[in-house]
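Here's the structure, in structure tokens; my notes come after.
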Number of protein chains: 2
Amino acid sequence: MQRMTTTPGARQATLRRHNLRLVLREVLEASVPPSRADVAARTGLTRATVSALVDRLVAAGMLTELPPVTGRGAGRPAVPLVAAGGTFAAIGLEINVSYLGGRAVDLSGRTLAERLEVRDFHQSSPSKALDLLASMARDMIKEIRASGVRIVGAGIALPGIVDRELGTLRLAPNLGWRDLQLADVLTRSPFSSLEVVELANEANLAAWAEACAHPEARPSFLYVSGEVGIGCGLVYDGQVFQGRRGWSGELGHTTVQPDGPPCACGSRGCLEGYAGRDAVMTGAGLDPLTPVEDLLALLEAGSADAGRAVDRAGWALGVALANAVNLVDIDEVVLGGFYAPLAERLTPAVAEQLQTRVLSAAWSRPRVRPVASGQQTAMTGAALSVLQSLFDDPSSWGAGADAPPSVGSAAAQ
Amino acid sequence: MQRMTTTPGARQATLRRHNLRLVLREVLEASVPPSRADVAARTGLTRATVSALVDRLVAAGMLTELPPVTGRGAGRPAVPLVAAGGTFAAIGLEINVSYLGGRAVDLSGRTLAERLEVRDFHQSSPSKALDLLASMARDMIKEIRASGVRIVGAGIALPGIVDRELGTLRLAPNLGWRDLQLADVLTRSPFSSLEVVELANEANLAAWAEACAHPEARPSFLYVSGEVGIGCGLVYDGQVFQGRRGWSGELGHTTVQPDGPPCACGSRGCLEGYAGRDAVMTGAGLDPLTPVEDLLALLEAGSADAGRAVDRAGWALGVALANAVNLVDIDEVVLGGFYAPLAERLTPAVAEQLQTRVLSAAWSRPRVRPVASGQQTAMTGAALSVLQSLFDDPSSWGAGADAPPSVGSAAAQ
DNA sequence: CAAATTAGTTGTGCGAATGAACTTATGCGG
DNA sequence: CCGCATAAGTTCATTCGCACAACTAATTTG
């Protein structure tokens with residue numbers, strides 16, 4: 001679904017780039033470490049070609065050979081290939097309403113560093129938050145570089161509408177931020193030393209992380225990120241659909257009841273008014289800033305208010321999601337953010353609305369499940385989305401040149 | 001956003017296929033017939049390479065050279081290239097609730113043949129309608145082949161949920177059809193002689209036709225097809241988003257009012273109940289089968305009922321579209337089907353809802369406009385979508401082999 | 001009419017993948 | 001314990017598409 005403005009003519013270098021990427025992906029997405037021969041069989045390339053490409057990727061520090069496995073029948077034992085750890089990493093950062101943090105992730109998916117600052121950022125000062133974020137990033141970059149890891153770049157997840165082309169945060173209603181030119185921030189201190197710096201919507205990136213949790217499956221689903229605001233990310237065949245300018249996924253301001261209560265956005269009956277964190281907490285008789293655990297406790301204790309608030313959220317979520325599913329032909333919905341811990345209670349109501357309101361539900365019942373990729377998913381997604389630029393073109397990250405004849409970094413003397 | 005299940009390894013033939021397609025597209029999408037040198041400049045390929053590729057495409061009958069244009073400054077006059085007419089064509093067929101028809105379209109976009117049978121197919125017999133469609137197709141195929149044109153294939157547009165993988169029409173509520181195995185039909189008489197036969201949703205294909213109307217612009221919009229049912233097609237950067245199984249675009253069963261009137265689909269408050277053709281006609285005090293012109297006349301005459309019905313439709317459409325726009329980051333809505341003639345009256349109400357309900361509307365007002373690609377758009381789209389398979393791989397349609405040394409078909413002797 | 005300019009063609013060289021033969025390393029059966 | 005079957009990985013000549021540069025062709029300009 002995405003094509004660059006003008007596809008450039010393909011030369012032979014394009015061929016190699018393509019196949020290099022193909023081989024790298026094949027290894028990274030495999031459920032069990034494949035050998036060169038496996039990759040050759042799966043891609044249709046010859047063993048000779050794959051071997052040459054793998055050698056480049058190994059030399060560039062993107063893949064590693066594991067010790068040969070013996071005992072799998074006759075023949076020379078295969079050398080399994082896996083993503084190399086400790087050579088390339090990316091930093092994912094996130095500003096959210098209730099926390100701010102960062103995580104550095106390896107090509108092999110390992111977390112190399114992590115920071116988290118839990119604090120209320122409702123109506124906060126952008127410059128203070130951004131300074132905090134920058135110093136966190138600076139700190140992590142220093143730590144990681146010290147251990148000899150090359151940093152591909154950083155991605156920043158934001159809970160609002162981000163114009164990825166211009167580097168602007170148009171609107172983050174719950175942070176109280178509006179029309180921020182983040183492009184300047186990105187050309188300053190820790191970020192200016194990085195090749196790739198990206199902004200994106202929090203929900204889109206969380207969806208990315210969830211998609212990467214099972215790369216071999218190339219899943220398709222709609223990820224719903226329930227926080228104070230409600231965003232969503234559409235994953236299609238393992239790829240995230242980001243939209244032309246990156247504004248997709250504003251599920252929270254989808255209309256559930258056209259004559260419903262007014263919303264701060266100027267519309268009426270938005271999903272957020274029924275299923276946003278504040279609405280649910282308030283409906284349950286809690287302070288909006290209360291942690292989810294307290295709500296779970298109330299539900300456990302059988303509180304009628306809490307039950308009603310959650311049921312109403314599930315109903316509204318179901319209505320909004322049914323609209324989305326009717327529109328884009330997706331059969332799985334993943335509940336993330338603060339919906340994840342509530343999933344057991346939320347799922348039946350959501351599923352019921354999907355069942356009655358989705359036209360295709362009659363022969364293909366949409367599934368609903370909680371997120372599988374853990375906490376603070378968006379910052380992981382931000383890191384992974386930056387690593388993607390390495391997957392997409394390994395040759396521009398050192399896998400292009402011929403492998404050096406031998407020892408160490410004695411090249412180009 | 002779309003990738004095949006497993007991308008095959010690229011060999012050198014892949015390179016040529018890619019560039020062949022690139023050159024063909026470049027010529028077809030150009031707003032003014034380009035020369036070989038123009039194409040070279042735009043693609044980044046060398047003039048030599050482009051020349052060789054163009055020669056193949058000309059030999060295969062996909063491109064034609066126009067007489068050299070002189071008087072554009074110094075230098076040897078350029079030979080403009082255009083899509084060749086009269087060598088390749090595709091057949092687009094459509095079954096709709098109020099008509100059934102077909103259209104054969106040329107590579108150059110010219111209509112070579114056309115058939116239309118206006119009749120009421122509400123709750124009709126599938127086999128009768130399909131027989132009629134098949135005989136129409138047979139007739140057109142014969143006529144076109146007689147004039148020496150090669151037929152690439154046929155596409156069939158259907159007003160319902162089509163499973164493109166299985167070749168099944170799952171549900172077409174207004175035809176009264178359900179779970180039809182069309183795969184058999186497609187392996188029978190006129191269709192069995194064609195290389196490409198495709199099924200798709202009517203709205204998706206109409207969106208395709210609309211997208212092809214301005215190929216040089218690579219437009220992005222949401223096409224709304226208002227008929228008895230309401231479907232939509234998402235066009236993104238000139239490409240139609242068809243969904244995994246082709247079920248996308250069921251806008252008509254999007255919820256506008258969760259506790260609204262029950263719909264035949266089993267849900268409540270579906271858009272179709274407010275803005276479907278039957279609802280609008282009935283609301284205006286007309287018989288559902290009345291032609292749109294009568295409704296326009298009533299509006300002209302100042303009928304309060306008609307005005308109210310259309311306004312209500314515009315409001316509901318606006319609500320439903322706002323949800324869609326919030327979800328997918330599209331800034332243009334195109335009104336097609338019976339909404340096209342009503343567009344002048346409908347647009348303000350739709351635009352008003354979009355303005356208040358779309359979160360990004362504050363800084364990027366969504367545009368609303370009527371369709372530009374004429375009547376029975378879906379069958380044109382069906383033909384164009386089949387031609388796409390030729391654009392996508394010209395080499396498999398005769399542009400692969402080396403150009404014959406000279407005269408006629410005296411090759412391979 | 002010569003010089004400048006641009007379009008299109010020709011021929012050489014390079015690079016990436018192929019394919020077949022080869023080397024390496026194991027299991028298995030006598 | 002040896003030799004054969006088997007499979008992984010490597011080597012090298014071949015193939016093929018594109019780049020590059022030199023060339024020819026056809027026009028405008030002065």
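Residue numbers start at 1 in each chain; chains themselves are named A, B, ... in the order of the structure tokens; ligands are numbered from 1 in the order shown.
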
Produce a table with one row for each residue of chain C that has an atom at most 7 Å from any atom of chain A, each row naming the nearest atom pair and its distance in Å at one decimal; use only C-alpha atoms (C1' of nucleotides); arrange rows by chain and rising residue number; format as CSV.
```
residue,atom,partner,partner_atom,distance
C:DG15,C1',A:Gln12,CA,6.7
C:DA16,C1',A:Gln12,CA,6.5
C:DA17,C1',A:Thr49,CA,6.7
C:DA25,C1',A:Arg76,CA,4.3
C:DT26,C1',A:Arg76,CA,4.7
C:DG27,C1',A:Ala74,CA,4.4
```

Next, dump the selected residues to file, keeping only C-alpha atoms (C1' of nucleotides), as a CSV table (one decimal), in the first residue's frame.
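Written out: again.csv:
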```csv
chain,number,residue,atom,x,y,z
C,15,DG,C1',28.1,-6.5,-11.4
C,16,DA,C1',24.9,-9.8,-9.4
C,17,DA,C1',22.8,-14.0,-9.8
C,25,DA,C1',31.2,-32.9,7.5
C,26,DT,C1',28.0,-35.8,9.2
C,27,DG,C1',24.9,-40.5,9.6
```

Using 7 Å as the limit and counting only C-alpha atoms, can you tabulate each residue of chain B that touches chain A, with its shortest atom-to-atom distance in Å and the two atoms involved, as JSON lines?
```
{"residue": "B:Met1", "atom": "CA", "partner": "A:Met1", "partner_atom": "CA", "distance": 3.6}
{"residue": "B:Gln2", "atom": "CA", "partner": "A:Met1", "partner_atom": "CA", "distance": 5.3}
{"residue": "B:Pro8", "atom": "CA", "partner": "A:Thr43", "partner_atom": "CA", "distance": 5.3}
{"residue": "B:Gly9", "atom": "CA", "partner": "A:Thr43", "partner_atom": "CA", "distance": 5.2}
{"residue": "B:Ala10", "atom": "CA", "partner": "A:Asn19", "partner_atom": "CA", "distance": 6.3}
{"residue": "B:Leu15", "atom": "CA", "partner": "A:Ala10", "partner_atom": "CA", "distance": 6.3}
{"residue": "B:Asn19", "atom": "CA", "partner": "A:Gly9", "partner_atom": "CA", "distance": 6.1}
{"residue": "B:Thr43", "atom": "CA", "partner": "A:Gly9", "partner_atom": "CA", "distance": 5.2}
{"residue": "B:Gly44", "atom": "CA", "partner": "A:Gly9", "partner_atom": "CA", "distance": 5.6}
{"residue": "B:Leu45", "atom": "CA", "partner": "A:Gly9", "partner_atom": "CA", "distance": 5.4}
{"residue": "B:Gln239", "atom": "CA", "partner": "A:Met1", "partner_atom": "CA", "distance": 6.8}
{"residue": "B:Phe241", "atom": "CA", "partner": "A:Met1", "partner_atom": "CA", "distance": 6.9}
{"residue": "B:Gly243", "atom": "CA", "partner": "A:Asp329", "partner_atom": "CA", "distance": 5.6}
{"residue": "B:Arg244", "atom": "CA", "partner": "A:Asp329", "partner_atom": "CA", "distance": 6.7}
{"residue": "B:Trp247", "atom": "CA", "partner": "A:Asp329", "partner_atom": "CA", "distance": 5.2}
{"residue": "B:Ser248", "atom": "CA", "partner": "A:Val328", "partner_atom": "CA", "distance": 4.5}
{"residue": "B:Gly249", "atom": "CA", "partner": "A:Leu327", "partner_atom": "CA", "distance": 4.5}
{"residue": "B:Glu250", "atom": "CA", "partner": "A:Asn326", "partner_atom": "CA", "distance": 5.1}
{"residue": "B:Leu251", "atom": "CA", "partner": "A:Leu327", "partner_atom": "CA", "distance": 6.0}
{"residue": "B:His253", "atom": "CA", "partner": "A:Leu359", "partner_atom": "CA", "distance": 6.7}
{"residue": "B:Thr254", "atom": "CA", "partner": "A:Asn323", "partner_atom": "CA", "distance": 4.9}
{"residue": "B:Thr255", "atom": "CA", "partner": "A:Asn323", "partner_atom": "CA", "distance": 6.4}
{"residue": "B:Gln257", "atom": "CA", "partner": "A:Gln257", "partner_atom": "CA", "distance": 5.8}
{"residue": "B:Pro258", "atom": "CA", "partner": "A:Gln257", "partner_atom": "CA", "distance": 6.6}
{"residue": "B:Cys265", "atom": "CA", "partner": "A:Leu359", "partner_atom": "CA", "distance": 6.8}
{"residue": "B:Gly266", "atom": "CA", "partner": "A:Thr356", "partner_atom": "CA", "distance": 6.3}
{"residue": "B:Ser267", "atom": "CA", "partner": "A:Arg357", "partner_atom": "CA", "distance": 5.1}
{"residue": "B:Asn323", "atom": "CA", "partner": "A:Thr254", "partner_atom": "CA", "distance": 4.9}
{"residue": "B:Asn326", "atom": "CA", "partner": "A:Glu250", "partner_atom": "CA", "distance": 5.1}
{"residue": "B:Leu327", "atom": "CA", "partner": "A:Gly249", "partner_atom": "CA", "distance": 4.5}
{"residue": "B:Val328", "atom": "CA", "partner": "A:Ser248", "partner_atom": "CA", "distance": 4.5}
{"residue": "B:Asp329", "atom": "CA", "partner": "A:Ser248", "partner_atom": "CA", "distance": 4.6}
{"residue": "B:Thr356", "atom": "CA", "partner": "A:Ser267", "partner_atom": "CA", "distance": 5.5}
{"residue": "B:Arg357", "atom": "CA", "partner": "A:Ser267", "partner_atom": "CA", "distance": 5.1}
{"residue": "B:Leu359", "atom": "CA", "partner": "A:His253", "partner_atom": "CA", "distance": 6.7}
```

DSSP helix (DSSP H, G or I) residues within range 88-191 of chain A, listed as a ChimeraX atom specification: /A:126-146,182-186,189-191

Taking only C-alpha atoms (C1' of nucleotides) into account, produce a table as a Markdown table in which each residue of chain D with an atom at most 6 Å from an atom of chain A appears once, together with its shortest atom pair and the distance in Å to one decimal, ordered by chain and rising number.
```
| residue | atom | partner | partner_atom | distance |
| --- | --- | --- | --- | --- |
| D:DT6 | C1' | A:Gly75 | CA | 4.7 |
| D:DA7 | C1' | A:Gly75 | CA | 3.9 |
| D:DA8 | C1' | A:Arg76 | CA | 5.3 |
```

Every residue of range 43-164 of chain A that DSSP places in strand (DSSP E), as a ChimeraX atom specification: /A:63-65,81-83,88-95,99-106,111-118,150-158,161-163

Non-local contacts of DA3 in chain C (12 Å; only C-alpha atoms (C1' of nucleotides); under 3 positions in same chain excluded) as a ChimeraX atom specification: /B:74 /D:28-30

Could you write those residues out with N, CA and C atoms (P, O5', C5', C4', C3', O3' and C1' of nucleotides), as an mmCIF file, in the first residue's frame?
```
data_model
loop_
_atom_site.group_PDB
_atom_site.id
_atom_site.type_symbol
_atom_site.label_atom_id
_atom_site.label_comp_id
_atom_site.auth_asym_id
_atom_site.auth_seq_id
_atom_site.Cartn_x
_atom_site.Cartn_y
_atom_site.Cartn_z
ATOM 1 N N ALA B 74 15.827 23.907 -29.718
ATOM 2 C CA ALA B 74 16.863 23.251 -30.500
ATOM 3 C C ALA B 74 16.880 21.756 -30.257
ATOM 4 P P DT D 28 13.073 23.409 -36.251
ATOM 5 O "O5'" DT D 28 14.070 24.140 -35.252
ATOM 6 C "C5'" DT D 28 13.775 24.181 -33.846
ATOM 7 C "C4'" DT D 28 14.856 24.985 -33.123
ATOM 8 C "C3'" DT D 28 14.857 26.476 -33.451
ATOM 9 O "O3'" DT D 28 15.041 27.202 -32.246
ATOM 10 C "C1'" DT D 28 16.984 25.552 -33.918
ATOM 11 P P DT D 29 14.903 28.810 -32.230
ATOM 12 O "O5'" DT D 29 16.420 29.268 -32.367
ATOM 13 C "C5'" DT D 29 17.377 28.837 -31.384
ATOM 14 C "C4'" DT D 29 18.755 29.390 -31.719
ATOM 15 C "C3'" DT D 29 18.774 30.861 -32.148
ATOM 16 O "O3'" DT D 29 19.806 31.522 -31.434
ATOM 17 C "C1'" DT D 29 19.918 29.535 -33.731
ATOM 18 P P DG D 30 19.889 33.121 -31.448
ATOM 19 O "O5'" DG D 30 21.131 33.406 -32.403
ATOM 20 C "C5'" DG D 30 22.442 32.953 -32.032
ATOM 21 C "C4'" DG D 30 23.389 33.266 -33.167
ATOM 22 C "C3'" DG D 30 23.254 34.688 -33.724
ATOM 23 O "O3'" DG D 30 24.537 35.228 -34.011
ATOM 24 C "C1'" DG D 30 22.994 33.129 -35.465
#
```

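Look at Gly61 in chain A: the protein and nucleic acid residues within 9 Å of it, using only C-alpha atoms (C1' of nucleotides) and passing over chain neighbours fewer than 5 places away, are Arg56, Ala83, Ala84, Gly85, Gly86, Thr87, Phe88, Gly398 and Ala399 of chain A.
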
Writing out the chosen residues with C-alpha atoms as a PDB file, in the first residue's frame:
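In the end it all went to selection-v7.pdb:
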```pdb
ATOM      1  CA  ARG A  56      28.184  -9.770   4.194  1.00  0.00           C
ATOM      2  CA  ALA A  83      20.182 -11.835  14.579  1.00  0.00           C
ATOM      3  CA  ALA A  84      23.398 -10.548  16.125  1.00  0.00           C
ATOM      4  CA  GLY A  85      23.096  -8.916  19.509  1.00  0.00           C
ATOM      5  CA  GLY A  86      25.294  -6.121  20.743  1.00  0.00           C
ATOM      6  CA  THR A  87      26.223  -4.440  17.470  1.00  0.00           C
ATOM      7  CA  PHE A  88      23.190  -2.381  16.450  1.00  0.00           C
ATOM      8  CA  GLY A 398      27.626  -1.530   6.424  1.00  0.00           C
ATOM      9  CA  ALA A 399      26.451  -4.706   4.729  1.00  0.00           C
TER      10      ALA A 399
END
```

Close residues, DT23 in chain C itself excluded, 10 Å, only C-alpha atoms (C1' of nucleotides), min 4 positions apart in chain, as a list of chain:residue names: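 Listed by chain and then number, they are D:DG9, D:DT10, D:DT11.
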
Selection: 8 Å around Ala206 in chain A, only C-alpha atoms (C1' of nucleotides), excl. self and same-chain fewer than 3 positions, as a list in words: Glu202, Ala203, Ala209, Glu210, Tyr223, Ser225, Gly233, Thr377, Ala378, Met379, Thr380, Gly381 and Ala382 of chain A

Straight-line distance linking CA of Arg115 in chain B with CA of Met136 in chain B, stated in Å to one decimal: 7.1 Å

Atomic separation - CA of Met140 in chain A relative to CA of Asn201 in chain A, Å: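 Between these atoms lies a distance of 22.1 Å.
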
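Computed from the coordinates, the CA of Val118 in chain A to CA of Pro159 in chain A distance equals 15.4 Å.
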
Which residue of B:Val54, B:Leu63, B:Gly285, B:Ala154 approaches Gly92 in chain B most closely, using only C-alpha atoms: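 Ranked by minimum distance to Gly92 in chain B, first place goes to B:Ala154.
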
Spatial neighbours of Val334 in chain A, 10 Å, only C-alpha atoms (C1' of nucleotides), chain gap at least 2 places, as an MDAnalysis selection string: chainID A and resid 207 210 221:225 232:233 332 336 339:340 343 367:372
